[in-house]
>>> print(open('target.cif').read())   # mmCIF, C-alpha atoms
data_data
#
loop_
_atom_site.label_atom_id
_atom_site.label_comp_id
_atom_site.auth_asym_id
_atom_site.auth_seq_id
_atom_site.Cartn_x
_atom_site.Cartn_y
_atom_site.Cartn_z
CA MET A 4 9.81 -31.86 27.29
CA TYR A 5 7.65 -28.73 27.59
CA LEU A 6 8.25 -27.81 23.95
CA LYS A 7 7.35 -31.32 22.78
CA LEU A 8 4.21 -31.40 24.93
CA ALA A 9 3.11 -27.96 23.72
CA TRP A 10 3.66 -28.91 20.07
CA ARG A 11 1.56 -32.06 20.46
CA ASN A 12 -1.19 -30.16 22.27
CA ILE A 13 -1.69 -27.61 19.50
CA TRP A 14 -2.31 -30.38 16.95
CA ARG A 15 -4.75 -32.35 19.08
CA ASN A 16 -7.47 -30.06 17.76
CA LYS A 17 -6.34 -29.10 14.29
CA ARG A 18 -9.40 -26.99 13.46
CA ARG A 19 -9.02 -24.84 16.57
CA THR A 20 -5.33 -24.35 15.89
CA LEU A 21 -5.87 -23.45 12.23
CA ILE A 22 -8.56 -20.90 13.14
CA THR A 23 -6.21 -19.22 15.60
CA VAL A 24 -3.28 -19.27 13.18
CA SER A 25 -5.53 -17.84 10.47
CA SER A 26 -6.62 -14.91 12.65
CA VAL A 27 -2.99 -13.99 13.29
CA MET A 28 -2.06 -14.56 9.64
CA PHE A 29 -4.73 -12.23 8.24
CA ALA A 30 -3.85 -9.61 10.84
CA VAL A 31 -0.26 -9.64 9.58
CA VAL A 32 -1.40 -9.54 5.93
CA PHE A 33 -3.65 -6.49 6.49
CA ALA A 34 -1.00 -4.65 8.51
CA LEU A 35 1.71 -5.38 5.94
CA PHE A 36 -0.42 -4.31 2.99
CA LEU A 37 -1.58 -1.03 4.53
CA GLU A 38 1.93 -0.06 5.65
CA SER A 39 3.39 -1.04 2.27
CA LEU A 40 0.72 0.95 0.40
CA GLU A 41 1.36 4.04 2.53
CA ARG A 42 5.13 3.75 2.09
CA GLY A 43 4.70 3.27 -1.65
CA ALA A 44 2.56 6.41 -1.98
CA HIS A 45 5.18 8.41 -0.08
CA ASP A 46 7.96 6.98 -2.23
CA VAL A 47 6.12 8.12 -5.39
CA MET A 48 5.82 11.65 -4.01
CA ILE A 49 9.49 11.82 -3.05
CA ASP A 50 10.60 10.12 -6.26
CA ASN A 51 8.68 12.56 -8.46
CA MET A 52 10.03 15.61 -6.67
CA THR A 53 13.64 14.45 -6.44
CA ARG A 54 14.09 12.88 -9.87
CA PHE A 55 12.36 15.57 -11.90
CA HIS A 56 12.78 18.66 -9.76
CA THR A 57 15.30 19.04 -6.93
CA GLY A 58 17.44 15.90 -6.99
CA TYR A 59 18.52 14.34 -3.70
CA ILE A 60 21.25 16.94 -3.11
CA GLN A 61 21.64 20.25 -4.86
CA VAL A 62 24.59 22.62 -5.05
CA GLN A 63 23.75 26.30 -5.70
CA ASP A 64 25.31 29.72 -5.41
CA TYR A 65 24.76 30.76 -1.79
CA ARG A 66 22.63 33.72 -2.95
CA PHE A 67 20.38 31.69 -5.25
CA GLU A 68 17.96 30.45 -2.58
CA ASP A 69 16.98 34.00 -1.57
CA GLU A 70 17.18 35.39 -5.12
CA PRO A 71 16.63 32.63 -7.73
CA SER A 72 18.00 34.65 -10.64
CA LEU A 73 20.41 33.87 -13.46
CA ASP A 74 22.60 36.59 -11.99
CA ASN A 75 23.29 34.10 -9.20
CA ALA A 76 24.33 31.23 -11.47
CA PHE A 77 27.78 29.83 -10.71
CA TYR A 78 30.79 28.74 -12.75
CA TYR A 79 30.86 25.05 -13.57
CA ASP A 80 33.68 23.04 -15.11
CA ASP A 81 35.19 19.57 -14.98
CA SER A 82 37.26 20.37 -11.91
CA LEU A 83 34.14 21.08 -9.83
CA SER A 84 32.47 17.94 -11.15
CA ASP A 85 35.55 15.86 -10.30
CA GLN A 86 35.72 17.40 -6.82
CA VAL A 87 32.13 16.41 -6.09
CA THR A 88 32.18 12.95 -7.68
CA GLY A 89 35.45 12.23 -5.88
CA LEU A 90 33.50 11.71 -2.68
CA GLU A 91 33.10 7.97 -2.14
CA PRO A 92 29.28 7.70 -1.81
CA VAL A 93 28.53 9.98 -4.83
CA GLU A 94 27.42 8.17 -7.98
CA TYR A 95 27.16 11.03 -10.50
CA THR A 96 26.30 14.72 -10.89
CA ILE A 97 23.81 16.49 -13.16
CA PRO A 98 24.30 20.14 -14.22
CA ARG A 99 21.21 22.24 -14.96
CA ILE A 100 20.49 25.82 -15.90
CA GLU A 101 16.89 26.89 -15.43
CA THR A 102 14.89 30.08 -15.94
CA PHE A 103 11.43 31.37 -16.84
CA MET A 104 10.75 32.68 -20.35
CA LEU A 105 7.94 33.34 -22.79
CA ALA A 106 7.39 30.53 -25.31
CA ALA A 107 5.50 31.28 -28.53
CA GLY A 108 4.19 29.46 -31.55
CA ALA A 109 2.66 31.06 -34.63
CA GLU A 110 -0.38 32.41 -32.75
CA VAL A 111 -0.17 31.62 -29.03
CA THR A 112 2.25 32.69 -26.28
CA ARG A 113 2.63 31.06 -22.88
CA GLY A 114 4.97 31.26 -19.93
CA ALA A 115 7.43 28.37 -19.81
CA ILE A 116 10.22 26.95 -17.70
CA VAL A 117 13.31 26.61 -19.88
CA MET A 118 15.80 24.03 -18.66
CA GLY A 119 19.23 23.42 -20.12
CA ILE A 120 20.31 19.83 -19.48
CA ASP A 121 22.81 17.13 -20.27
CA VAL A 122 20.43 14.50 -21.67
CA ASP A 123 22.57 11.46 -20.91
CA ARG A 124 23.07 12.44 -17.28
CA GLU A 125 19.40 13.34 -16.81
CA ASP A 126 18.43 9.98 -18.21
CA GLN A 127 20.47 8.27 -15.50
CA LEU A 128 18.34 9.96 -12.86
CA ASN A 129 14.83 10.03 -14.31
CA ASP A 130 14.74 7.88 -17.49
CA LEU A 131 13.95 11.02 -19.47
CA LYS A 132 14.50 9.39 -22.87
CA ASP A 133 11.85 6.77 -22.14
CA ARG A 134 9.26 9.54 -21.69
CA LEU A 135 9.72 10.83 -25.24
CA THR A 136 6.44 10.24 -27.09
CA GLU A 137 7.34 11.63 -30.50
CA GLY A 138 10.48 12.69 -32.38
CA ARG A 139 13.97 12.56 -30.90
CA PHE A 140 16.15 14.23 -28.29
CA PHE A 141 18.57 16.96 -29.32
CA GLU A 142 22.33 16.66 -29.58
CA PRO A 143 24.45 19.17 -27.62
CA GLY A 144 24.47 22.50 -29.45
CA ASP A 145 22.27 21.44 -32.40
CA GLY A 146 19.78 24.27 -31.88
CA THR A 147 16.66 22.15 -31.33
CA ALA A 148 14.30 21.80 -28.38
CA VAL A 149 12.14 19.15 -26.74
CA VAL A 150 8.78 20.40 -25.47
CA THR A 151 6.37 18.74 -23.06
CA GLU A 152 3.08 17.60 -24.57
CA GLY A 153 0.90 19.90 -22.48
CA LEU A 154 2.82 23.02 -23.51
CA ALA A 155 2.93 21.93 -27.16
CA ASN A 156 -0.86 21.54 -27.16
CA ARG A 157 -1.31 24.98 -25.62
CA LEU A 158 0.93 26.52 -28.27
CA ASN A 159 -0.57 24.43 -31.12
CA LEU A 160 2.87 23.10 -32.01
CA ALA A 161 4.14 19.74 -33.22
CA VAL A 162 7.47 18.10 -34.06
CA GLY A 163 9.18 20.08 -36.82
CA ASP A 164 7.50 23.38 -35.93
CA SER A 165 9.43 26.45 -34.76
CA LEU A 166 9.41 27.60 -31.15
CA VAL A 167 10.29 31.17 -30.13
CA LEU A 168 11.77 31.80 -26.67
CA LEU A 169 11.96 35.32 -25.27
CA GLY A 170 13.18 36.43 -21.87
CA GLN A 171 16.08 37.85 -19.90
CA GLY A 172 19.54 36.41 -19.58
CA ARG A 173 22.34 37.12 -17.09
CA PHE A 174 22.83 40.69 -15.93
CA GLY A 175 19.68 41.93 -17.69
CA MET A 176 20.72 40.96 -21.22
CA THR A 177 17.94 40.19 -23.69
CA ALA A 178 17.57 36.49 -24.41
CA SER A 179 15.71 35.36 -27.52
CA GLY A 180 16.01 32.36 -29.80
CA LEU A 181 14.25 30.35 -32.47
CA TYR A 182 14.34 26.57 -32.12
CA GLU A 183 12.99 23.68 -34.12
CA ILE A 184 11.00 21.21 -32.00
CA SER A 185 12.78 17.87 -32.31
CA GLY A 186 10.57 15.92 -29.91
CA LEU A 187 7.62 15.86 -27.54
CA LEU A 188 7.82 14.50 -24.01
CA ARG A 189 5.19 13.47 -21.48
CA HIS A 190 6.19 14.66 -18.02
CA PRO A 191 4.70 12.64 -15.13
CA THR A 192 3.53 15.76 -13.25
CA ARG A 193 0.79 17.86 -14.82
CA GLU A 194 2.18 21.25 -13.76
CA MET A 195 5.54 20.56 -15.38
CA ASN A 196 3.93 18.90 -18.41
CA ASN A 197 2.17 22.17 -19.20
CA GLN A 198 5.17 24.49 -19.11
CA LEU A 199 8.54 22.82 -19.68
CA VAL A 200 11.00 23.30 -22.54
CA TYR A 201 14.25 21.33 -22.66
CA LEU A 202 17.36 22.63 -24.41
CA SER A 203 20.83 21.16 -24.52
CA LEU A 204 23.04 22.71 -21.85
CA PRO A 205 25.33 24.51 -24.37
CA ASP A 206 22.31 25.96 -26.24
CA ALA A 207 20.69 27.19 -23.02
CA GLN A 208 23.94 28.76 -21.79
CA TRP A 209 24.40 30.57 -25.09
CA LEU A 210 20.74 31.74 -25.13
CA LEU A 211 21.01 33.12 -21.60
CA SER A 212 24.49 34.65 -21.98
CA ALA A 213 25.68 32.30 -19.24
CA ASP A 214 28.62 30.49 -20.81
CA ASP A 215 30.03 27.82 -18.46
CA HIS A 216 27.47 28.74 -15.78
CA ILE A 217 24.65 26.71 -14.26
CA THR A 218 21.99 27.41 -11.65
CA ALA A 219 22.14 24.00 -9.95
CA LEU A 220 24.32 20.93 -9.73
CA LEU A 221 22.37 17.86 -8.69
CA VAL A 222 24.29 15.23 -6.76
CA THR A 223 23.04 11.65 -6.77
CA PRO A 224 24.20 9.30 -3.98
CA ASN A 225 24.89 5.62 -4.48
CA ARG A 226 22.35 4.94 -1.74
CA VAL A 227 19.53 7.27 -0.78
CA ARG A 228 20.27 6.76 2.91
CA ASP A 229 23.68 8.40 2.39
CA THR A 230 22.09 11.72 1.39
CA GLU A 231 22.65 13.53 4.68
CA SER A 232 26.23 12.34 5.14
CA ILE A 233 27.16 13.37 1.57
CA ALA A 234 25.60 16.80 2.10
CA ARG A 235 27.76 17.30 5.20
CA GLN A 236 30.90 16.30 3.31
CA LEU A 237 30.04 18.64 0.43
CA ARG A 238 29.48 21.58 2.77
CA SER A 239 32.94 20.97 4.17
CA GLU A 240 34.51 20.62 0.71
CA LEU A 241 32.83 23.70 -0.79
CA GLU A 242 32.81 26.08 2.18
CA ASN A 243 35.28 28.44 0.46
CA GLU A 244 33.58 28.31 -2.95
CA GLU A 245 30.58 30.61 -2.25
CA LEU A 246 28.37 27.58 -2.85
CA ALA A 247 25.55 26.23 -0.71
CA VAL A 248 24.49 22.60 -0.39
CA PHE A 249 20.88 21.56 0.23
CA THR A 250 19.15 18.20 0.58
CA TRP A 251 15.71 17.59 -0.90
CA ARG A 252 14.21 17.92 2.58
CA GLU A 253 15.55 21.47 2.83
CA LEU A 254 14.50 22.42 -0.70
CA ILE A 255 10.90 21.20 -0.42
CA PRO A 256 9.97 21.49 3.30
CA GLU A 257 6.26 21.65 2.40
CA LEU A 258 6.50 18.08 1.06
CA VAL A 259 8.21 16.95 4.27
CA GLU A 260 5.42 18.52 6.34
CA ALA A 261 2.77 16.88 4.15
CA LEU A 262 4.45 13.48 4.54
CA GLU A 263 4.69 13.89 8.33
CA PHE A 264 1.02 14.82 8.53
CA ASP A 265 0.06 11.86 6.37
CA GLN A 266 2.20 9.55 8.50
CA ALA A 267 0.41 10.79 11.63
CA GLN A 268 -2.94 9.97 10.03
CA SER A 269 -1.63 6.56 8.99
CA ARG A 270 -0.42 5.83 12.53
CA LEU A 271 -3.90 6.64 13.81
CA MET A 272 -5.45 4.31 11.24
CA MET A 273 -2.92 1.58 12.08
CA GLY A 274 -3.75 2.03 15.76
CA ILE A 275 -7.44 1.49 15.02
CA LEU A 276 -6.52 -1.53 12.90
CA TYR A 277 -4.47 -3.00 15.75
CA VAL A 278 -7.42 -2.56 18.14
CA VAL A 279 -9.68 -4.42 15.70
CA ILE A 280 -7.03 -7.09 15.16
CA GLY A 281 -6.52 -7.40 18.91
CA PHE A 282 -10.19 -8.00 19.65
CA GLY A 283 -10.39 -10.54 16.82
CA ILE A 284 -7.42 -12.51 18.13
CA PHE A 285 -8.62 -12.18 21.72
CA GLY A 286 -11.99 -13.63 20.76
CA THR A 287 -10.25 -16.62 19.20
CA ILE A 288 -7.93 -17.16 22.21
CA LEU A 289 -10.86 -16.74 24.62
CA THR A 290 -12.89 -19.40 22.81
CA MET A 291 -9.89 -21.74 22.73
CA THR A 292 -9.34 -21.24 26.47
CA LEU A 293 -12.97 -21.80 27.48
CA GLU A 294 -13.11 -25.00 25.41
CA ARG A 295 -10.20 -26.40 27.43
CA MET A 296 -11.34 -25.44 30.95
CA ARG A 297 -12.34 -29.03 31.82
CA GLU A 298 -8.98 -30.27 30.51
CA PHE A 299 -7.13 -27.73 32.68
CA GLY A 300 -9.19 -28.65 35.74
CA ILE A 301 -8.50 -32.37 35.37
CA LEU A 302 -4.74 -31.81 34.89
CA LEU A 303 -4.58 -29.67 38.02
CA SER A 304 -6.66 -32.17 40.02
CA VAL A 305 -4.24 -35.03 39.27
CA GLY A 306 -1.33 -33.01 40.60
CA MET A 307 0.14 -30.98 37.73
CA GLN A 308 1.61 -27.72 39.01
CA ARG A 309 -0.18 -24.56 37.89
CA ILE A 310 3.02 -22.82 36.84
CA LYS A 311 4.05 -25.74 34.63
CA LEU A 312 0.61 -25.96 33.01
CA ALA A 313 0.54 -22.21 32.46
CA PHE A 314 4.02 -22.39 30.92
CA VAL A 315 2.99 -25.18 28.52
CA VAL A 316 -0.11 -23.25 27.44
CA PHE A 317 1.93 -20.10 26.93
CA ILE A 318 4.37 -22.06 24.73
CA GLU A 319 1.38 -23.38 22.75
CA THR A 320 0.13 -19.84 22.05
CA PHE A 321 3.70 -18.77 21.30
CA PHE A 322 3.99 -21.50 18.64
CA ILE A 323 0.62 -20.51 17.18
CA THR A 324 1.67 -16.85 17.04
CA ILE A 325 4.95 -17.67 15.30
CA MET A 326 3.14 -19.83 12.73
CA GLY A 327 0.57 -17.08 12.15
CA VAL A 328 3.21 -14.40 11.63
CA LEU A 329 5.25 -16.57 9.25
CA ALA A 330 2.11 -17.54 7.32
CA GLY A 331 1.20 -13.83 7.15
CA TYR A 332 4.62 -13.06 5.67
CA ALA A 333 4.22 -15.85 3.09
CA LEU A 334 0.71 -14.77 2.07
CA GLY A 335 1.25 -11.02 2.37
CA ILE A 336 4.15 -10.88 -0.09
CA PHE A 337 1.85 -11.80 -3.01
CA PRO A 338 -0.48 -8.75 -2.99
CA ILE A 339 2.48 -6.51 -2.19
CA LEU A 340 4.44 -7.83 -5.18
CA TYR A 341 1.39 -7.62 -7.45
CA PHE A 342 0.66 -3.97 -6.67
CA TYR A 343 4.37 -3.15 -6.75
CA PHE A 344 4.51 -4.14 -10.41
CA ASN A 345 0.89 -3.11 -11.15
CA PRO A 346 0.27 0.10 -9.16
CA ILE A 347 -3.26 1.22 -8.36
CA GLU A 348 -4.15 3.97 -10.84
CA LEU A 349 -6.19 6.76 -9.32
CA GLY A 350 -9.07 8.10 -11.37
CA GLY A 351 -11.84 10.68 -11.24
CA ASP A 352 -11.61 13.47 -8.67
CA MET A 353 -8.75 11.80 -6.82
CA GLU A 354 -6.60 11.88 -9.96
CA GLU A 355 -7.30 15.60 -10.35
CA VAL A 356 -6.40 16.33 -6.72
CA VAL A 357 -3.15 14.35 -6.83
CA ALA A 358 -2.13 15.82 -10.20
CA GLU A 359 -2.58 19.33 -8.83
CA PHE A 360 0.21 18.61 -6.36
CA GLY A 361 2.51 17.52 -9.20
CA ILE A 362 2.43 13.83 -8.31
CA GLU A 363 1.80 10.85 -10.55
CA PRO A 364 -1.75 9.54 -9.88
CA ILE A 365 -0.63 6.02 -8.96
CA MET A 366 -0.31 4.09 -5.69
CA PRO A 367 2.25 1.30 -5.78
CA THR A 368 3.22 -0.76 -2.78
CA ALA A 369 6.73 -0.58 -1.34
CA ILE A 370 8.99 -3.54 -0.64
CA ALA A 371 11.25 -2.90 2.34
CA PRO A 372 12.55 -5.33 5.01
CA ASP A 373 11.65 -2.99 7.87
CA ILE A 374 7.95 -3.11 6.87
CA PHE A 375 7.91 -6.87 7.41
CA LEU A 376 10.02 -6.60 10.55
CA TRP A 377 7.95 -3.95 12.34
CA GLN A 378 4.48 -5.07 11.31
CA GLY A 379 5.26 -8.70 12.11
CA LEU A 380 6.79 -7.64 15.41
CA MET A 381 3.78 -5.48 16.33
CA VAL A 382 1.30 -8.29 15.64
CA PHE A 383 3.57 -10.74 17.46
CA ILE A 384 3.76 -8.50 20.57
CA LEU A 385 0.02 -7.86 20.45
CA THR A 386 -0.75 -11.57 20.19
CA THR A 387 1.74 -12.48 22.92
CA ILE A 388 0.11 -10.00 25.30
CA ILE A 389 -3.33 -11.41 24.50
CA CYS A 390 -1.99 -14.93 25.05
CA LEU A 391 -1.26 -14.03 28.66
CA TYR A 392 -5.00 -14.43 29.25
CA PRO A 393 -5.01 -18.27 29.33
CA THR A 394 -1.89 -18.18 31.51
CA ILE A 395 -3.55 -15.91 34.06
CA LYS A 396 -6.74 -17.96 33.83
CA ILE A 397 -4.86 -21.14 34.73
CA LEU A 398 -3.06 -19.49 37.67
CA THR A 399 -6.41 -18.34 39.13
CA LEU A 400 -8.47 -21.36 38.11
CA LYS A 401 -10.76 -23.05 40.68
CA ILE A 402 -10.20 -26.78 40.18
CA LEU A 403 -13.68 -28.04 41.20
CA GLU A 404 -15.55 -25.58 38.98
CA ALA A 405 -13.24 -26.30 36.01
CA SER A 406 -13.58 -30.08 36.42
CA ARG A 407 -17.39 -29.81 36.21
CA ALA A 408 -17.26 -27.49 33.13
#
>>> encode(input="target.cif", output="structure tokens")
Amino acid sequence: MYLKLAWRNIWRNKRRTLITVSSVMFAVVFALFLESLERGAHDVMIDNMTRFHTGYIQVQDYRFEDEPSLDNAFYYDDSLSDQVTGLEPVEYTIPRIETFMLAAGAEVTRGAIVMGIDVDREDQLNDLKDRLTEGRFFEPGDGTAVVTEGLANRLNLAVGDSLVLLGQGRFGMTASGLYEISGLLRHPTREMNNQLVYLSLPDAQWLLSADDHITALLVTPNRVRDTESIARQLRSELENEELAVFTWRELIPELVEALEFDQAQSRLMMGILYVVIGFGIFGTILTMTLERMREFGILLSVGMQRIKLAFVVFIETFFITIMGVLAGYALGIFPILYFYFNPIELGGDMEEVVAEFGIEPIMPTAIAPDIFLWQGLMVFILTTIICLYPTIKILTLKILEASRA
């Protein structure tokens, strides 16, 4: 009976109900969008660093972290790959050998990061082939190189030109090679776009006198949330192999600290938003309550118990809150989906600042169930607390004054 009475009451004045529902709805929409935008920006940062730099999990020689030298590369063969991929949550592995060398064209020389890769495996992780802007990718051992656009421009080189690499291989051996540029690639991060040379893994190992050796084995989980559990399993599996296992959080702690600081700022902003939302909803509930004071006074004067009236009014506000939250979900998904597929592109000074940190200058939204759950729940709790006001008002209402209102 109480539910039926409350439902009828909220539709006796449709305009008042719709105004209240709308205030809750827009509160949910704003909260959802801001949280989704923040989560999306963080996902871009993590995605850029993990897919193009560290991977989610990385296996190294235990000495490599303190002394990142080719001398601390480790032996890699199919048996090690099978041992790692044999773990249930692991999807695939990616071998890499990486070092710093001098890259030269006909007239200009620049420092460059030389990375030996398995193109097909890299493409699984970071869609590397799709980022090729000109030419083609090399075949294993064909003696060609792919250069990032920024470095090619600095060296005044194009597809078909010759690239000279000069540096030091394992155990101090001289490493030098001449490679035809088979393709140009646009890396999403400016720093890497200005200094990266890709070779096939066999070519890089031969150049660096590191046959069958790599500097890192990237391990990709089936689900990102399994990263920590896989790392623990790998540490147990490889404890006698003189190999160390690191997660992306351990490899780039400065990014973790930056994310935590940004999250703290976002929580402060969300707190301010909730205060603004709370006052907006309270103003609507207050107006709705004052409009009905005469109605409450008459009901109490004809014998209705205060507790029952307060309960009916609380159910009314509960219904309105639920409708507002659900309407906020329905409306909020549209801007989130739009900016998920059409990210905000940063320009001007902001683009320069973001690019300096090696991050793509875009801000997409994120789609995650917990965003809807927590933001909807927070607005629901906030509104429910505010809706205690009419309940308390009824319990303390003076009947004669209310009847004359």
>>> residues_near_point(input="target.cif", point="(16.5, 27.3, -24.4)", cutoff="6 Å", atoms="only C-alpha atoms", output="list in words")
Val117, Leu202 and Ala207 of chain A
>>> closest_residue(input="target.cif", among="A:Ile280, A:Ile217, A:Ile100, A:Ala161", to="Phe77 of chain A", atoms="only C-alpha atoms")
A:Ile217
>>> closest_atom_pairs(input="target.cif", of="segment 145-223 of chain A", to="segment 70-74 of chain A", cutoff="9 Å", atoms="only C-alpha atoms", output="CSV")
residue,atom,partner,partner_atom,distance
A:Gln171,CA,A:Leu73,CA,8.7
A:Gly172,CA,A:Leu73,CA,6.7
A:Arg173,CA,A:Asp74,CA,5.1
A:Phe174,CA,A:Asp74,CA,5.7
A:Gly175,CA,A:Asp74,CA,8.3
A:Leu211,CA,A:Leu73,CA,8.2
A:Ala213,CA,A:Leu73,CA,8.0
A:Ile217,CA,A:Leu73,CA,8.4
A:Thr218,CA,A:Leu73,CA,6.9
>>> closest_residue(input="target.cif", among="A:Thr368, A:Arg235, A:Arg297, A:Ile288", to="Thr394 of chain A", atoms="only C-alpha atoms")
A:Ile288
>>> resolve_selection(input="target.cif", expression="the PyMOL selection byres ((chain A and resi 142-145) around 7)", output="list in words")
Phe140, Phe141, Gly146, Thr147, Ser203, Leu204, Pro205 and Asp206 of chain A
>>> resolve_selection(input="target.cif", expression="the PyMOL selection byres ((chain A and resi 199) around 7)", output="list in words")
Ala115, Ile116, Val117, Val150, Thr151, Leu154, Met195, Asn196, Asn197, Gln198, Val200 and Tyr201 of chain A
>>> resolve_selection(input="target.cif", expression="the PyMOL selection byres ((chain A and resi 258) around 12)", output="list in words")
His45, Asp46, Val47, Met48, Ile49, Asp50, Asn51, Met52, Thr53, Thr57, Trp251, Arg252, Glu253, Leu254, Ile255, Pro256, Glu257, Val259, Glu260, Ala261, Leu262, Glu263, Phe264, Asp265, Phe360, Gly361 and Ile362 of chain A
>>> write_last_selection(input="target.cif", atoms="C-alpha atoms", output="PDB file, in the frame of the given file")
ATOM      1  CA  HIS A  45       5.180   8.410  -0.080  1.00  0.00           C
ATOM      2  CA  ASP A  46       7.960   6.980  -2.230  1.00  0.00           C
ATOM      3  CA  VAL A  47       6.120   8.120  -5.390  1.00  0.00           C
ATOM      4  CA  MET A  48       5.820  11.650  -4.010  1.00  0.00           C
ATOM      5  CA  ILE A  49       9.490  11.820  -3.050  1.00  0.00           C
ATOM      6  CA  ASP A  50      10.600  10.120  -6.260  1.00  0.00           C
ATOM      7  CA  ASN A  51       8.680  12.560  -8.460  1.00  0.00           C
ATOM      8  CA  MET A  52      10.030  15.610  -6.670  1.00  0.00           C
ATOM      9  CA  THR A  53      13.640  14.450  -6.440  1.00  0.00           C
ATOM     10  CA  THR A  57      15.300  19.040  -6.930  1.00  0.00           C
ATOM     11  CA  TRP A 251      15.710  17.590  -0.900  1.00  0.00           C
ATOM     12  CA  ARG A 252      14.210  17.920   2.580  1.00  0.00           C
ATOM     13  CA  GLU A 253      15.550  21.470   2.830  1.00  0.00           C
ATOM     14  CA  LEU A 254      14.500  22.420  -0.700  1.00  0.00           C
ATOM     15  CA  ILE A 255      10.900  21.200  -0.420  1.00  0.00           C
ATOM     16  CA  PRO A 256       9.970  21.490   3.300  1.00  0.00           C
ATOM     17  CA  GLU A 257       6.260  21.650   2.400  1.00  0.00           C
ATOM     18  CA  VAL A 259       8.210  16.950   4.270  1.00  0.00           C
ATOM     19  CA  GLU A 260       5.420  18.520   6.340  1.00  0.00           C
ATOM     20  CA  ALA A 261       2.770  16.880   4.150  1.00  0.00           C
ATOM     21  CA  LEU A 262       4.450  13.480   4.540  1.00  0.00           C
ATOM     22  CA  GLU A 263       4.690  13.890   8.330  1.00  0.00           C
ATOM     23  CA  PHE A 264       1.020  14.820   8.530  1.00  0.00           C
ATOM     24  CA  ASP A 265       0.060  11.860   6.370  1.00  0.00           C
ATOM     25  CA  PHE A 360       0.210  18.610  -6.360  1.00  0.00           C
ATOM     26  CA  GLY A 361       2.510  17.520  -9.200  1.00  0.00           C
ATOM     27  CA  ILE A 362       2.430  13.830  -8.310  1.00  0.00           C
TER      28      ILE A 362
END
>>> build_atoms(input="target.cif", residues="segment 322-334 of chain A", atoms="N, CA and C atoms", output="PDB file, keeping the file's coordinate frame")
ATOM      1  N   PHE A 322       3.835 -20.764  19.902  1.00  0.00           N
ATOM      2  CA  PHE A 322       3.990 -21.500  18.640  1.00  0.00           C
ATOM      3  C   PHE A 322       2.946 -21.038  17.616  1.00  0.00           C
ATOM      4  N   ILE A 323       1.698 -20.920  18.078  1.00  0.00           N
ATOM      5  CA  ILE A 323       0.620 -20.510  17.180  1.00  0.00           C
ATOM      6  C   ILE A 323       0.880 -19.113  16.619  1.00  0.00           C
ATOM      7  N   THR A 324       1.370 -18.219  17.483  1.00  0.00           N
ATOM      8  CA  THR A 324       1.670 -16.850  17.040  1.00  0.00           C
ATOM      9  C   THR A 324       2.771 -16.841  15.995  1.00  0.00           C
ATOM     10  N   ILE A 325       3.838 -17.602  16.255  1.00  0.00           N
ATOM     11  CA  ILE A 325       4.950 -17.670  15.300  1.00  0.00           C
ATOM     12  C   ILE A 325       4.462 -18.205  13.955  1.00  0.00           C
ATOM     13  N   MET A 326       3.662 -19.268  13.984  1.00  0.00           N
ATOM     14  CA  MET A 326       3.140 -19.830  12.730  1.00  0.00           C
ATOM     15  C   MET A 326       2.257 -18.822  12.009  1.00  0.00           C
ATOM     16  N   GLY A 327       1.443 -18.082  12.766  1.00  0.00           N
ATOM     17  CA  GLY A 327       0.570 -17.080  12.150  1.00  0.00           C
ATOM     18  C   GLY A 327       1.346 -15.955  11.497  1.00  0.00           C
ATOM     19  N   VAL A 328       2.387 -15.478  12.188  1.00  0.00           N
ATOM     20  CA  VAL A 328       3.210 -14.400  11.630  1.00  0.00           C
ATOM     21  C   VAL A 328       3.934 -14.857  10.374  1.00  0.00           C
ATOM     22  N   LEU A 329       4.537 -16.050  10.425  1.00  0.00           N
ATOM     23  CA  LEU A 329       5.250 -16.570   9.250  1.00  0.00           C
ATOM     24  C   LEU A 329       4.300 -16.812   8.087  1.00  0.00           C
ATOM     25  N   ALA A 330       3.106 -17.333   8.387  1.00  0.00           N
ATOM     26  CA  ALA A 330       2.110 -17.540   7.320  1.00  0.00           C
ATOM     27  C   ALA A 330       1.660 -16.195   6.759  1.00  0.00           C
ATOM     28  N   GLY A 331       1.559 -15.168   7.618  1.00  0.00           N
ATOM     29  CA  GLY A 331       1.200 -13.830   7.150  1.00  0.00           C
ATOM     30  C   GLY A 331       2.261 -13.258   6.224  1.00  0.00           C
ATOM     31  N   TYR A 332       3.538 -13.490   6.565  1.00  0.00           N
ATOM     32  CA  TYR A 332       4.620 -13.060   5.670  1.00  0.00           C
ATOM     33  C   TYR A 332       4.491 -13.751   4.300  1.00  0.00           C
ATOM     34  N   ALA A 333       4.274 -15.081   4.341  1.00  0.00           N
ATOM     35  CA  ALA A 333       4.220 -15.850   3.090  1.00  0.00           C
ATOM     36  C   ALA A 333       3.044 -15.422   2.225  1.00  0.00           C
ATOM     37  N   LEU A 334       1.886 -15.166   2.846  1.00  0.00           N
ATOM     38  CA  LEU A 334       0.710 -14.770   2.070  1.00  0.00           C
ATOM     39  C   LEU A 334       0.755 -13.292   1.694  1.00  0.00           C
TER      40      LEU A 334
END
